[in-house]
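The file final10.cif contains mmCIF, C-alpha atoms:
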data_upload
#
loop_
_atom_site.label_atom_id
_atom_site.label_comp_id
_atom_site.auth_asym_id
_atom_site.auth_seq_id
_atom_site.Cartn_x
_atom_site.Cartn_y
_atom_site.Cartn_z
CA MET A 26 -30.69 8.37 -23.47
CA ASN A 27 -27.41 10.17 -24.15
CA TYR A 28 -24.23 9.00 -22.45
CA LEU A 29 -21.80 11.33 -24.19
CA ARG A 30 -21.37 15.04 -24.70
CA THR A 31 -19.70 15.45 -28.07
CA ASN A 32 -20.53 17.15 -31.35
CA ILE A 33 -20.81 13.76 -33.04
CA GLN A 34 -24.29 12.28 -33.36
CA GLU A 35 -24.77 9.61 -30.71
CA ILE A 36 -26.37 6.24 -31.46
CA GLU A 37 -28.64 5.28 -28.58
CA SER A 38 -29.73 1.71 -29.31
CA ALA A 39 -28.57 -1.48 -30.99
CA GLU A 40 -31.56 -1.18 -33.30
CA GLU A 41 -30.49 2.33 -34.32
CA LEU A 42 -26.95 1.11 -34.96
CA GLN A 43 -28.27 -1.69 -37.19
CA LYS A 44 -30.40 0.81 -39.10
CA VAL A 45 -27.48 3.23 -39.56
CA ILE A 46 -25.09 0.58 -40.88
CA SER A 47 -27.66 -0.96 -43.17
CA GLU A 48 -28.72 2.37 -44.65
CA ASN A 49 -25.20 3.81 -45.15
CA GLU A 50 -22.35 2.27 -47.09
CA ASN A 51 -19.56 3.66 -44.87
CA VAL A 52 -19.97 4.22 -41.14
CA MET A 53 -17.47 4.94 -38.36
CA VAL A 54 -18.67 4.52 -34.77
CA CYS A 55 -16.55 5.44 -31.77
CA CYS A 56 -17.82 3.62 -28.70
CA GLY A 57 -16.40 5.19 -25.56
CA ARG A 58 -16.79 7.42 -22.55
CA MET A 59 -16.01 11.08 -21.89
CA GLY A 60 -12.44 10.07 -21.05
CA PRO A 61 -8.94 11.09 -22.10
CA MET A 62 -8.46 8.25 -24.57
CA CYS A 63 -11.87 8.73 -26.21
CA ILE A 64 -12.24 12.51 -26.50
CA PRO A 65 -9.33 12.84 -28.98
CA VAL A 66 -11.02 10.34 -31.31
CA TYR A 67 -14.34 12.24 -31.19
CA GLU A 68 -12.47 15.46 -32.01
CA ILE A 69 -10.72 13.84 -34.96
CA MET A 70 -14.04 12.51 -36.28
CA GLU A 71 -15.54 15.97 -35.96
CA GLU A 72 -12.70 17.41 -38.03
CA LEU A 73 -12.97 14.71 -40.70
CA GLU A 74 -16.71 15.01 -41.25
CA GLU A 75 -16.26 17.59 -44.00
CA GLU A 76 -13.35 15.86 -45.70
CA TYR A 77 -14.99 12.41 -45.78
CA GLU A 78 -18.45 13.13 -47.17
CA ASN A 79 -18.81 9.44 -48.06
CA VAL A 80 -18.58 8.38 -44.40
CA LYS A 81 -21.16 8.82 -41.64
CA PHE A 82 -19.64 9.48 -38.22
CA PHE A 83 -21.31 8.44 -34.96
CA SER A 84 -20.50 7.93 -31.31
CA MET A 85 -22.02 5.44 -28.85
CA GLY A 86 -21.79 5.29 -25.06
CA PHE A 87 -19.63 2.43 -23.79
CA ASP A 88 -21.78 2.41 -20.64
CA ASN A 89 -24.97 2.23 -22.68
CA PRO A 90 -26.20 -1.38 -22.20
CA GLU A 91 -27.21 -1.32 -25.88
CA SER A 92 -23.57 -0.99 -26.95
CA VAL A 93 -23.04 -4.63 -25.96
CA VAL A 94 -23.28 -5.37 -29.69
CA ILE A 95 -19.99 -3.51 -30.11
CA ARG A 96 -18.40 -4.58 -26.83
CA ASN A 97 -19.05 -8.25 -27.57
CA ALA A 98 -18.34 -8.13 -31.29
CA PRO A 99 -15.90 -10.89 -32.33
CA GLU A 100 -13.72 -8.19 -33.92
CA CYS A 101 -13.26 -6.64 -30.45
CA ARG A 102 -12.01 -9.80 -28.77
CA GLY A 103 -8.96 -9.03 -26.64
CA PHE A 104 -9.69 -5.29 -26.63
CA MET A 105 -8.82 -3.75 -23.27
CA GLY A 106 -8.55 -0.08 -24.02
CA LEU A 107 -11.18 2.56 -24.63
CA PRO A 108 -12.53 3.55 -27.05
CA PHE A 109 -13.60 0.67 -29.28
CA THR A 110 -13.81 2.19 -32.77
CA MET A 111 -15.71 0.40 -35.49
CA TYR A 112 -15.52 0.92 -39.25
CA TYR A 113 -18.53 -0.58 -41.07
CA LYS A 114 -18.67 -1.19 -44.82
CA ASN A 115 -22.01 -2.27 -46.30
CA GLY A 116 -23.28 -3.26 -42.87
CA LYS A 117 -20.25 -5.40 -41.97
CA VAL A 118 -17.29 -4.65 -39.69
CA ALA A 119 -14.38 -3.80 -41.97
CA ARG A 120 -12.00 -2.79 -39.16
CA ALA A 121 -12.08 -2.37 -35.39
CA THR A 122 -9.49 -0.63 -33.21
CA THR A 123 -8.89 -0.39 -29.48
CA SER A 124 -7.59 2.57 -27.47
CA ILE A 125 -6.68 6.06 -28.62
CA GLN A 126 -5.91 6.67 -32.31
CA ASN A 127 -4.34 9.73 -33.88
CA MET A 128 -5.47 11.58 -37.00
CA GLU A 129 -3.05 9.67 -39.23
CA GLN A 130 -4.26 6.29 -37.98
CA VAL A 131 -7.95 7.17 -38.32
CA LYS A 132 -7.39 8.48 -41.87
CA GLN A 133 -5.50 5.32 -42.76
CA HIS A 134 -8.39 3.12 -41.58
CA LEU A 135 -10.90 5.28 -43.47
CA ASP A 136 -8.79 5.24 -46.64
CA ASN A 137 -8.07 1.52 -46.50
CA HIS A 138 -11.42 0.17 -45.41
CA LEU A 139 -14.16 2.67 -46.23
CA VAL A 140 -13.28 3.64 -49.79
CA MET B 11 0.20 37.70 -50.61
CA GLU B 12 -1.33 35.23 -48.20
CA LYS B 13 -2.80 36.31 -44.92
CA ILE B 14 -0.44 37.20 -42.10
CA PHE B 15 -1.83 36.60 -38.61
CA ASP B 16 -0.68 38.79 -35.76
CA VAL B 17 -0.02 35.82 -33.48
CA MET B 18 0.30 32.13 -34.22
CA ILE B 19 0.12 29.82 -31.21
CA LEU B 20 1.50 26.32 -31.63
CA GLY B 21 -0.32 24.10 -29.14
CA ALA B 22 -3.83 24.09 -27.72
CA GLY B 23 -3.42 23.00 -24.11
CA ALA B 24 -3.97 25.23 -21.09
CA ALA B 25 -1.08 27.55 -22.07
CA GLY B 26 -2.00 27.82 -25.76
CA LEU B 27 -5.71 28.36 -25.15
CA SER B 28 -5.01 30.98 -22.44
CA ALA B 29 -2.64 32.81 -24.77
CA GLY B 30 -5.30 32.64 -27.49
CA ILE B 31 -7.95 34.06 -25.17
CA TYR B 32 -5.70 37.00 -24.28
CA THR B 33 -4.40 37.84 -27.75
CA SER B 34 -7.76 37.54 -29.50
CA ARG B 35 -9.49 39.53 -26.78
CA GLY B 36 -6.75 42.12 -27.32
CA LYS B 37 -7.93 42.34 -30.96
CA LEU B 38 -4.89 40.56 -32.33
CA ASP B 39 -5.66 38.30 -35.27
CA THR B 40 -4.79 34.91 -33.73
CA LEU B 41 -4.43 31.37 -35.02
CA ILE B 42 -3.96 28.34 -32.78
CA LEU B 43 -2.44 25.33 -34.55
CA SER B 44 -2.24 22.08 -32.67
CA GLU B 45 -0.57 18.82 -33.65
CA GLY B 46 -2.47 17.05 -30.91
CA ILE B 47 -5.87 17.29 -29.39
CA THR B 48 -7.36 20.55 -28.13
CA GLY B 49 -6.88 20.74 -24.39
CA GLY B 50 -3.64 18.77 -24.21
CA GLN B 51 -3.10 17.10 -20.88
CA MET B 52 -6.11 18.77 -19.27
CA VAL B 53 -8.15 16.18 -21.17
CA LEU B 54 -6.13 13.48 -19.40
CA THR B 55 -7.27 14.76 -16.04
CA ASN B 56 -10.51 13.32 -14.84
CA GLU B 57 -11.33 15.78 -12.08
CA ILE B 58 -9.65 19.15 -11.52
CA ALA B 59 -10.30 20.34 -7.97
CA ASN B 60 -7.60 22.97 -7.51
CA TYR B 61 -8.35 25.42 -10.32
CA PRO B 62 -9.15 28.61 -8.39
CA GLY B 63 -12.66 29.89 -8.86
CA VAL B 64 -14.02 26.53 -9.95
CA GLU B 65 -14.75 24.07 -7.14
CA THR B 66 -14.44 20.97 -9.25
CA ILE B 67 -14.60 20.32 -12.96
CA LYS B 68 -13.84 17.51 -15.41
CA GLY B 69 -10.72 18.20 -17.46
CA TYR B 70 -12.58 18.02 -20.77
CA GLU B 71 -15.24 20.44 -19.49
CA LEU B 72 -12.61 23.04 -18.60
CA VAL B 73 -11.12 22.56 -22.09
CA ALA B 74 -14.53 23.08 -23.70
CA ILE B 75 -14.97 26.36 -21.81
CA MET B 76 -11.48 27.67 -22.67
CA LYS B 77 -12.02 26.72 -26.33
CA ARG B 78 -15.38 28.52 -26.38
CA GLN B 79 -13.79 31.60 -24.80
CA ALA B 80 -10.97 31.70 -27.36
CA LYS B 81 -13.32 31.17 -30.30
CA GLY B 82 -15.76 33.69 -28.85
CA PHE B 83 -13.07 36.37 -28.99
CA GLY B 84 -12.42 35.51 -32.63
CA CYS B 85 -9.47 33.14 -32.38
CA SER B 86 -9.08 30.71 -35.32
CA MET B 87 -8.21 27.14 -34.37
CA LYS B 88 -6.99 24.08 -36.22
CA ALA B 89 -6.30 20.88 -34.27
CA ASN B 90 -4.66 17.58 -35.26
CA VAL B 91 -2.54 19.18 -38.01
CA LYS B 92 0.88 17.86 -38.96
CA ILE B 93 3.61 20.49 -39.21
CA ARG B 94 6.49 19.82 -41.61
CA ASN B 95 8.64 22.93 -41.29
CA TYR B 96 9.12 25.89 -38.99
CA HIS B 97 10.56 29.22 -40.14
CA LEU B 98 10.87 31.19 -36.93
CA ASN B 99 13.89 33.39 -37.53
CA GLU B 100 12.36 35.56 -40.24
CA GLU B 101 10.52 38.79 -39.48
CA VAL B 102 7.29 37.18 -40.69
CA LYS B 103 7.34 33.72 -39.19
CA SER B 104 5.74 30.75 -40.88
CA VAL B 105 4.95 27.08 -40.52
CA GLU B 106 4.38 24.65 -43.32
CA LEU B 107 1.95 21.75 -42.89
CA GLU B 108 2.37 18.25 -44.34
CA ASP B 109 -0.55 18.97 -46.67
CA GLY B 110 1.32 21.97 -48.12
CA ARG B 111 -0.63 24.74 -46.39
CA VAL B 112 1.49 27.58 -45.02
CA PHE B 113 0.49 29.86 -42.12
CA ARG B 114 2.25 33.14 -41.36
CA ALA B 115 2.36 35.43 -38.34
CA LYS B 116 4.26 38.38 -36.89
CA ALA B 117 4.78 36.62 -33.55
CA VAL B 118 4.72 32.99 -32.48
CA ILE B 119 3.97 31.43 -29.10
CA LEU B 120 5.28 27.88 -28.68
CA ALA B 121 3.04 25.89 -26.35
CA PRO B 122 3.53 22.27 -27.42
CA GLY B 123 3.14 20.85 -23.91
CA GLY B 124 4.27 17.39 -22.89
CA ARG B 125 3.18 13.79 -23.25
CA PRO B 126 3.24 10.73 -21.00
CA ARG B 127 6.62 9.04 -21.20
CA SER B 128 6.53 5.50 -22.57
CA LEU B 129 9.08 2.75 -21.95
CA ASP B 130 10.02 2.27 -25.62
CA ILE B 131 10.60 -1.50 -25.28
CA PRO B 132 9.67 -4.44 -27.54
CA GLY B 133 5.95 -5.23 -27.68
CA GLU B 134 4.82 -1.72 -26.81
CA LYS B 135 2.94 -0.89 -30.03
CA GLU B 136 1.58 -4.43 -30.30
CA PHE B 137 -0.08 -4.49 -26.89
CA GLU B 138 -1.28 -0.89 -26.51
CA GLY B 139 -4.97 -1.29 -25.74
CA ARG B 140 -4.44 -5.04 -25.40
CA GLY B 141 -2.95 -4.91 -21.93
CA ILE B 142 -0.83 -1.76 -21.86
CA SER B 143 -2.55 1.38 -20.60
CA TYR B 144 -1.60 4.89 -19.54
CA CYS B 145 -4.97 5.76 -18.01
CA ALA B 146 -6.39 3.99 -14.95
CA THR B 147 -9.62 6.01 -15.08
CA CYS B 148 -10.22 4.81 -18.63
CA ASP B 149 -9.25 1.18 -18.55
CA ALA B 150 -9.26 -0.07 -14.94
CA ASP B 151 -12.54 -1.92 -15.26
CA PHE B 152 -11.16 -4.16 -18.03
CA PHE B 153 -8.94 -5.65 -15.35
CA ARG B 154 -11.46 -6.81 -12.75
CA ASP B 155 -9.92 -9.69 -10.74
CA LYS B 156 -6.86 -9.66 -13.01
CA ARG B 157 -3.16 -9.29 -12.18
CA LEU B 158 -1.58 -5.95 -12.98
CA VAL B 159 1.83 -4.33 -13.10
CA VAL B 160 2.26 -0.62 -12.44
CA VAL B 161 5.50 0.97 -13.62
CA GLY B 162 6.80 4.05 -11.84
CA GLY B 163 7.58 5.49 -8.43
CA GLY B 164 6.06 8.96 -8.44
CA ASN B 165 2.73 10.18 -7.08
CA SER B 166 0.74 9.11 -10.14
CA ALA B 167 2.16 5.58 -10.08
CA LEU B 168 1.52 4.97 -6.37
CA GLU B 169 -1.88 6.66 -6.22
CA GLU B 170 -3.11 4.90 -9.36
CA ALA B 171 -1.76 1.56 -8.10
CA VAL B 172 -3.94 1.94 -5.00
CA THR B 173 -6.94 2.87 -7.19
CA LEU B 174 -6.29 -0.15 -9.40
CA THR B 175 -6.49 -2.52 -6.39
CA HIS B 176 -10.23 -1.74 -6.29
CA PHE B 177 -10.45 -3.64 -9.57
CA ALA B 178 -7.47 -5.98 -9.88
CA SER B 179 -6.73 -9.09 -7.82
CA HIS B 180 -3.11 -8.02 -7.38
CA VAL B 181 -0.87 -5.12 -8.36
CA THR B 182 2.92 -5.34 -8.64
CA ILE B 183 4.74 -2.02 -8.67
CA VAL B 184 7.98 -2.11 -10.66
CA HIS B 185 10.31 0.81 -10.03
CA GLN B 186 13.85 1.55 -11.12
CA PHE B 187 15.11 2.89 -7.77
CA ASP B 188 15.16 1.47 -4.23
CA HIS B 189 13.02 4.38 -3.02
CA PHE B 190 9.99 6.30 -4.30
CA GLN B 191 9.77 9.91 -5.46
CA ALA B 192 6.12 10.09 -4.39
CA PHE B 193 4.91 11.96 -1.30
CA ALA B 194 5.25 10.00 1.96
CA HIS B 195 1.50 9.56 2.41
CA ALA B 196 1.16 8.04 -1.08
CA VAL B 197 4.03 5.62 -0.38
CA GLU B 198 2.56 4.66 2.99
CA GLU B 199 -0.86 3.99 1.53
CA ALA B 200 0.61 1.76 -1.19
CA GLU B 201 2.86 -0.09 1.26
CA LYS B 202 0.05 -0.98 3.64
CA ASN B 203 -2.23 -2.20 0.84
CA PRO B 204 -2.31 -6.04 1.03
CA LYS B 205 -2.95 -6.31 -2.71
CA ILE B 206 0.25 -4.46 -3.66
CA SER B 207 3.75 -5.94 -3.88
CA PHE B 208 6.96 -4.31 -5.06
CA ILE B 209 9.83 -5.15 -7.38
CA LEU B 210 12.43 -2.42 -6.86
CA GLU B 211 15.65 -1.49 -8.64
CA SER B 212 14.21 -3.15 -11.73
CA GLU B 213 12.99 -2.17 -15.18
CA LEU B 214 10.67 -3.71 -17.74
CA ARG B 215 12.55 -4.94 -20.78
CA ALA B 216 9.78 -6.43 -22.96
CA TYR B 217 6.05 -7.03 -23.27
CA VAL B 218 5.21 -10.62 -24.26
CA GLY B 219 1.94 -12.22 -25.33
CA GLY B 220 -0.25 -13.49 -28.14
CA GLU B 221 -3.59 -11.87 -28.89
CA LYS B 222 -3.16 -9.88 -25.69
CA LEU B 223 -0.45 -9.20 -23.15
CA GLU B 224 0.48 -12.26 -21.07
CA LYS B 225 3.73 -11.41 -19.31
CA VAL B 226 6.55 -8.92 -18.94
CA LYS B 227 10.30 -9.38 -18.82
CA ILE B 228 11.90 -7.56 -15.90
CA GLU B 229 15.60 -6.89 -15.38
CA ASN B 230 17.05 -6.43 -11.92
CA LEU B 231 19.32 -3.41 -12.40
CA LYS B 232 21.65 -4.47 -9.59
CA THR B 233 22.26 -8.09 -10.53
CA GLY B 234 21.36 -7.99 -14.23
CA GLU B 235 19.13 -11.00 -13.60
CA MET B 236 16.04 -11.32 -15.84
CA GLN B 237 12.70 -12.61 -14.68
CA GLU B 238 9.34 -13.12 -16.34
CA LEU B 239 6.18 -12.06 -14.57
CA GLU B 240 2.75 -13.19 -15.72
CA THR B 241 0.32 -10.31 -15.90
CA ASP B 242 -2.89 -9.30 -17.64
CA GLY B 243 -2.06 -5.64 -17.84
CA VAL B 244 0.59 -2.97 -17.36
CA PHE B 245 -0.13 0.63 -16.40
CA VAL B 246 2.75 3.00 -17.09
CA PHE B 247 3.18 6.18 -15.04
CA ILE B 248 6.76 7.36 -15.51
CA GLY B 249 6.27 11.05 -15.94
CA TYR B 250 6.09 13.37 -18.90
CA GLN B 251 8.43 14.60 -21.57
CA PRO B 252 8.27 17.94 -23.42
CA ASN B 253 7.07 17.88 -27.04
CA THR B 254 10.01 19.96 -28.19
CA ASN B 255 11.87 17.69 -30.63
CA ALA B 256 10.85 19.91 -33.54
CA PHE B 257 12.24 23.03 -31.84
CA ARG B 258 15.64 21.74 -30.74
CA GLY B 259 18.30 23.64 -32.61
CA LEU B 260 15.78 26.33 -33.51
CA VAL B 261 15.30 27.91 -30.09
CA GLU B 262 17.47 27.46 -27.04
CA THR B 263 16.57 24.37 -25.01
CA ASN B 264 18.15 22.87 -21.89
CA ASP B 265 19.56 19.36 -21.47
CA ARG B 266 16.07 18.02 -20.75
CA GLY B 267 14.81 19.46 -24.03
CA GLU B 268 12.78 22.17 -22.29
CA ILE B 269 12.56 25.59 -23.95
CA VAL B 270 14.52 28.29 -22.14
CA VAL B 271 12.54 31.50 -21.56
CA ASP B 272 13.01 34.72 -19.66
CA PRO B 273 10.38 35.98 -17.14
CA SER B 274 8.36 37.54 -19.98
CA MET B 275 8.34 34.17 -21.80
CA LYS B 276 10.72 35.35 -24.53
CA THR B 277 12.77 32.60 -26.18
CA SER B 278 16.16 33.04 -27.83
CA ILE B 279 14.45 34.25 -31.05
CA PRO B 280 12.90 37.75 -31.20
CA GLY B 281 9.15 37.51 -31.64
CA VAL B 282 9.03 33.89 -30.52
CA PHE B 283 7.64 33.19 -27.06
CA ALA B 284 6.97 29.95 -25.20
CA ALA B 285 4.61 28.85 -22.46
CA GLY B 286 3.34 25.86 -20.53
CA ASP B 287 4.75 22.42 -19.78
CA SER B 288 7.39 22.63 -22.54
CA ILE B 289 9.39 25.42 -20.91
CA ALA B 290 12.15 25.02 -18.34
CA LYS B 291 10.47 25.44 -14.96
CA ARG B 292 9.86 23.69 -11.66
CA TYR B 293 6.09 23.24 -11.40
CA ARG B 294 3.70 22.00 -14.06
CA GLN B 295 0.07 22.65 -13.26
CA VAL B 296 -2.94 23.86 -15.23
CA THR B 297 -2.69 27.10 -13.25
CA THR B 298 0.98 27.65 -14.09
CA ALA B 299 0.34 26.90 -17.77
CA VAL B 300 -2.50 29.44 -17.78
CA SER B 301 -0.17 31.96 -16.17
CA ASP B 302 2.64 31.30 -18.69
CA GLY B 303 0.16 31.59 -21.57
CA THR B 304 -1.13 34.91 -20.27
CA ILE B 305 2.38 36.36 -19.91
CA ALA B 306 3.43 35.08 -23.34
CA ALA B 307 0.30 36.62 -24.91
CA LEU B 308 0.88 40.02 -23.31
CA SER B 309 4.56 39.93 -24.27
CA ALA B 310 3.67 38.99 -27.86
CA ALA B 311 1.16 41.86 -27.99
CA GLU B 312 3.84 44.27 -26.78
CA PHE B 313 6.30 42.91 -29.34
CA ILE B 314 3.86 43.43 -32.21
CA ARG B 315 2.88 46.93 -31.16
CA SER B 316 6.40 48.15 -30.53
#
Encoding of this model in structure tokens:
Amino acid sequence: MNYLRTNIQEIESAEELQKVISENENVMVCCGRMGPMCIPVYEIMEELEEEYENVKFFSMGFDNPESVVIRNAPECRGFMGLPFTMYYKNGKVARATTSIQNMEQVKQHLDNHLV
Amino acid sequence: MEKIFDVMILGAGAAGLSAGIYTSRGKLDTLILSEGITGGQMVLTNEIANYPGVETIKGYELVAIMKRQAKGFGCSMKANVKIRNYHLNEEVKSVELEDGRVFRAKAVILAPGGRPRSLDIPGEKEFEGRGISYCATCDADFFRDKRLVVVGGGNSALEEAVTLTHFASHVTIVHQFDHFQAFAHAVEEAEKNPKISFILESELRAYVGGEKLEKVKIENLKTGEMQELETDGVFVFIGYQPNTNAFRGLVETNDRGEIVVDPSMKTSIPGVFAAGDSIAKRYRQVTTAVSDGTIAALSAAEFIRS
């Protein structure tokens, strides 16, 4: 079931997330809602898809019960702002951010953690 | 010689997108460049119920439609760019991006909009998303049964404070004056809410905490006395400021930094127009931004054809 309406491919289950991060070296997942802090991040990801061919970009619904794996991730402890954005390298969380991020910040995380 | 657009619109909120719809539909070769997100503050609005012709619509849905309309008429769009330099006084105007790309046009419409004002106090960057929020719709449910502080005294602050009481155990409103700028009914509703208390004539001076926000330092503006208040979160609603820093000194702005325009949205530079929340005006609504954008587009078209 889809929770979001973006142009980024949406992950629908924890199993699918596991598959995606184990099959791809670099993965960015923005876990959020269709809200004002989340939409800018989806738009940035959409724009970066071409530039970062080495990274796979996905979204996941914060209200999807399956996204508990992100919501309860140890890297997200203390997070109290949507969206929760995860950067996975070789199946492991390389970086996690809370709340809105701008283009510069997202690029910095991609360049530093998903090389 | 690189391509010269007819019109370059700087900003992709309600004003910029409306201008883009009009100029591209008028067969003018149009580029919209935006340093922020497409849709601007419309995206920040959960539900828009007073846009004539549309009973109710989510802000982001209205943005998606306006974007589709502009693109459908042939408008080029680039969002989230970083602009390094503006050359607006020349006959062919240009902007230079951080990545070195240069875009040129015969006329420019400035529609940079505004952004939520922040307090600019210690701890702000550290605790954004870890206790500090600017969006109740987004983050309220992280604060179930928690203590909150709301900063501000306008309609947004008081209305959102009441909304937040549906989640939080208690909400303290901190406001710099001894009275509120909000409408009477909003003030009344907040005042009669048993979960809301007030600290007036006071300002936040610092956010304090460890992994997440734990307390705020508050100064009483009358006595100068400082107090610490334990809280799990702070929601800031202290109005908006125009995104015009880059244009000050280039076009005429007033003492609030708003761009001065005439009724046809002309700025102090020939061929440069402005529209939306960044201009000097009384009311800032999606409808007024759409109107400004339309007028600026028609004026730009007239300028190019004359």
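In this model, the gap between atom CA of Asn79 of chain A and atom CA of Val118 of chain A comes to 16.5 Å.
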Original post:
Near Glu129 of chain A, within 10 Å and counting all atoms listed in the file, which residues show up once chain neighbours fewer than 5 positions away are dropped, as number ranges by chain?
Top reply: A: 69, 134-135; B: 90-92
Can you translate the PyMOL selection byres ((chain B and resi 126) around 10) into the concrete residues it hits in this file, as a compact mmCIF listing (two decimals) with C-alpha atoms, keeping the file's coordinate frame?
# COMPACT_ATOMS: atom_id res chain seq x y z
CA GLN B 51 -3.10 17.10 -20.88
CA LEU B 54 -6.13 13.48 -19.40
CA GLY B 124 4.27 17.39 -22.89
CA ARG B 125 3.18 13.79 -23.25
CA ARG B 127 6.62 9.04 -21.20
CA SER B 128 6.53 5.50 -22.57
CA LEU B 129 9.08 2.75 -21.95
CA TYR B 144 -1.60 4.89 -19.54
CA VAL B 246 2.75 3.00 -17.09
CA PHE B 247 3.18 6.18 -15.04
CA ILE B 248 6.76 7.36 -15.51
CA GLY B 249 6.27 11.05 -15.94
CA TYR B 250 6.09 13.37 -18.90
CA GLN B 251 8.43 14.60 -21.57
CA PRO B 252 8.27 17.94 -23.42
**OP:** Check every residue of chain B for an atom within 10 Å of chain A, counting only C-alpha atoms, and provide those that qualify as a ChimeraX atom specification.
**Re:** /B:45-56,68-71,88-92,137-145,147-153,220-223,242-243
Subject >> Picked residues, the PyMOL selection byres ((chain A and resi 78) around 12), expected as an NGL selection string >> reply: :A and (49-52 or 70-77 or 79-82 or 135 or 139-140)
Write out, as a PDB file, in the frame of the given file, the residues just selected, with C-alpha atoms.
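Contents of result.pdb, as written:
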ATOM      1  CA  ASN A  49     -25.200   3.810 -45.150  1.00  0.00           C
ATOM      2  CA  GLU A  50     -22.350   2.270 -47.090  1.00  0.00           C
ATOM      3  CA  ASN A  51     -19.560   3.660 -44.870  1.00  0.00           C
ATOM      4  CA  VAL A  52     -19.970   4.220 -41.140  1.00  0.00           C
ATOM      5  CA  MET A  70     -14.040  12.510 -36.280  1.00  0.00           C
ATOM      6  CA  GLU A  71     -15.540  15.970 -35.960  1.00  0.00           C
ATOM      7  CA  GLU A  72     -12.700  17.410 -38.030  1.00  0.00           C
ATOM      8  CA  LEU A  73     -12.970  14.710 -40.700  1.00  0.00           C
ATOM      9  CA  GLU A  74     -16.710  15.010 -41.250  1.00  0.00           C
ATOM     10  CA  GLU A  75     -16.260  17.590 -44.000  1.00  0.00           C
ATOM     11  CA  GLU A  76     -13.350  15.860 -45.700  1.00  0.00           C
ATOM     12  CA  TYR A  77     -14.990  12.410 -45.780  1.00  0.00           C
ATOM     13  CA  ASN A  79     -18.810   9.440 -48.060  1.00  0.00           C
ATOM     14  CA  VAL A  80     -18.580   8.380 -44.400  1.00  0.00           C
ATOM     15  CA  LYS A  81     -21.160   8.820 -41.640  1.00  0.00           C
ATOM     16  CA  PHE A  82     -19.640   9.480 -38.220  1.00  0.00           C
ATOM     17  CA  LEU A 135     -10.900   5.280 -43.470  1.00  0.00           C
ATOM     18  CA  LEU A 139     -14.160   2.670 -46.230  1.00  0.00           C
ATOM     19  CA  VAL A 140     -13.280   3.640 -49.790  1.00  0.00           C
TER      20      VAL A 140
END
Give me the residues within 8 Å of Tyr217 of chain B as a PDB file with C-alpha atoms, in the coordinates of the input, counting only C-alpha atoms and dropping any in the same chain fewer than 4 places off.
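After the write, part_2.pdb holds the following:
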ATOM      1  CA  ILE B 131      10.600  -1.500 -25.280  1.00  0.00           C
ATOM      2  CA  PRO B 132       9.670  -4.440 -27.540  1.00  0.00           C
ATOM      3  CA  GLY B 133       5.950  -5.230 -27.680  1.00  0.00           C
ATOM      4  CA  GLU B 134       4.820  -1.720 -26.810  1.00  0.00           C
ATOM      5  CA  PHE B 137      -0.080  -4.490 -26.890  1.00  0.00           C
ATOM      6  CA  LEU B 223      -0.450  -9.200 -23.150  1.00  0.00           C
ATOM      7  CA  GLU B 224       0.480 -12.260 -21.070  1.00  0.00           C
ATOM      8  CA  LYS B 225       3.730 -11.410 -19.310  1.00  0.00           C
ATOM      9  CA  VAL B 226       6.550  -8.920 -18.940  1.00  0.00           C
ATOM     10  CA  LYS B 227      10.300  -9.380 -18.820  1.00  0.00           C
TER      11      LYS B 227
END
**OP:** Can you turn the PyMOL selection byres ((chain A and resi 37-43) around 12) into a concrete residue list for this file, as a PyMOL selection string?
**Re:** chain A and resi 26-29+34-36+44-49+52-56+81-96+111+113+115-118
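As for atom CA of Ser309 of chain B and atom CA of Ser274 of chain B, they are spaced 6.2 Å apart.
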Subject >> A:Ala121, A:Ile33, A:Lys114, A:Gln126 ranked by distance to Glu100 of chain A, top pick (using only C-alpha atoms) >> reply: A:Ala121
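Atom pair atom CA of Ala115 of chain B / atom CA of Leu98 of chain B: separated by 9.6 Å.
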Subject >> Pick from B:Thr297, B:Asn99, B:Arg114, B:Pro273 nearest to Leu260 of chain B, counting only C-alpha atoms >> reply: B:Asn99
**OP:** Dig up all the protein and nucleic acid residues within 12 Å of (4.2, 28.8, -34.4) in the file frame, using all atoms listed in the file, and format them as a ChimeraX atom specification.
**Re:** /B:15-22,26,40-45,93-99,102-107,112-122,256-257,260-261,281-285
Segment 64-69 of chain B from the block above: N, CA and C atoms written as a CSV table (one decimal), in the first residue's frame:
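Final file, result06.csv:
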chain,number,residue,atom,x,y,z
B,64,VAL,N,-11.8,26.5,-5.7
B,64,VAL,CA,-11.4,25.2,-5.2
B,64,VAL,C,-11.9,25.1,-3.7
B,65,GLU,N,-12.8,24.2,-3.4
B,65,GLU,CA,-13.4,24.2,-2.1
B,65,GLU,C,-12.3,24.0,-1.0
B,66,THR,N,-11.6,22.9,-1.2
B,66,THR,CA,-10.5,22.7,-0.2
B,66,THR,C,-9.4,21.8,-0.9
B,67,ILE,N,-8.2,22.2,-0.6
B,67,ILE,CA,-7.1,21.5,-1.2
B,67,ILE,C,-5.8,21.5,-0.3
B,68,LYS,N,-5.0,20.4,-0.4
B,68,LYS,CA,-3.8,20.4,0.4
B,68,LYS,C,-2.8,21.4,-0.3
B,69,GLY,N,-2.0,22.1,0.4
B,69,GLY,CA,-1.1,23.0,-0.2
B,69,GLY,C,-0.2,22.4,-1.3
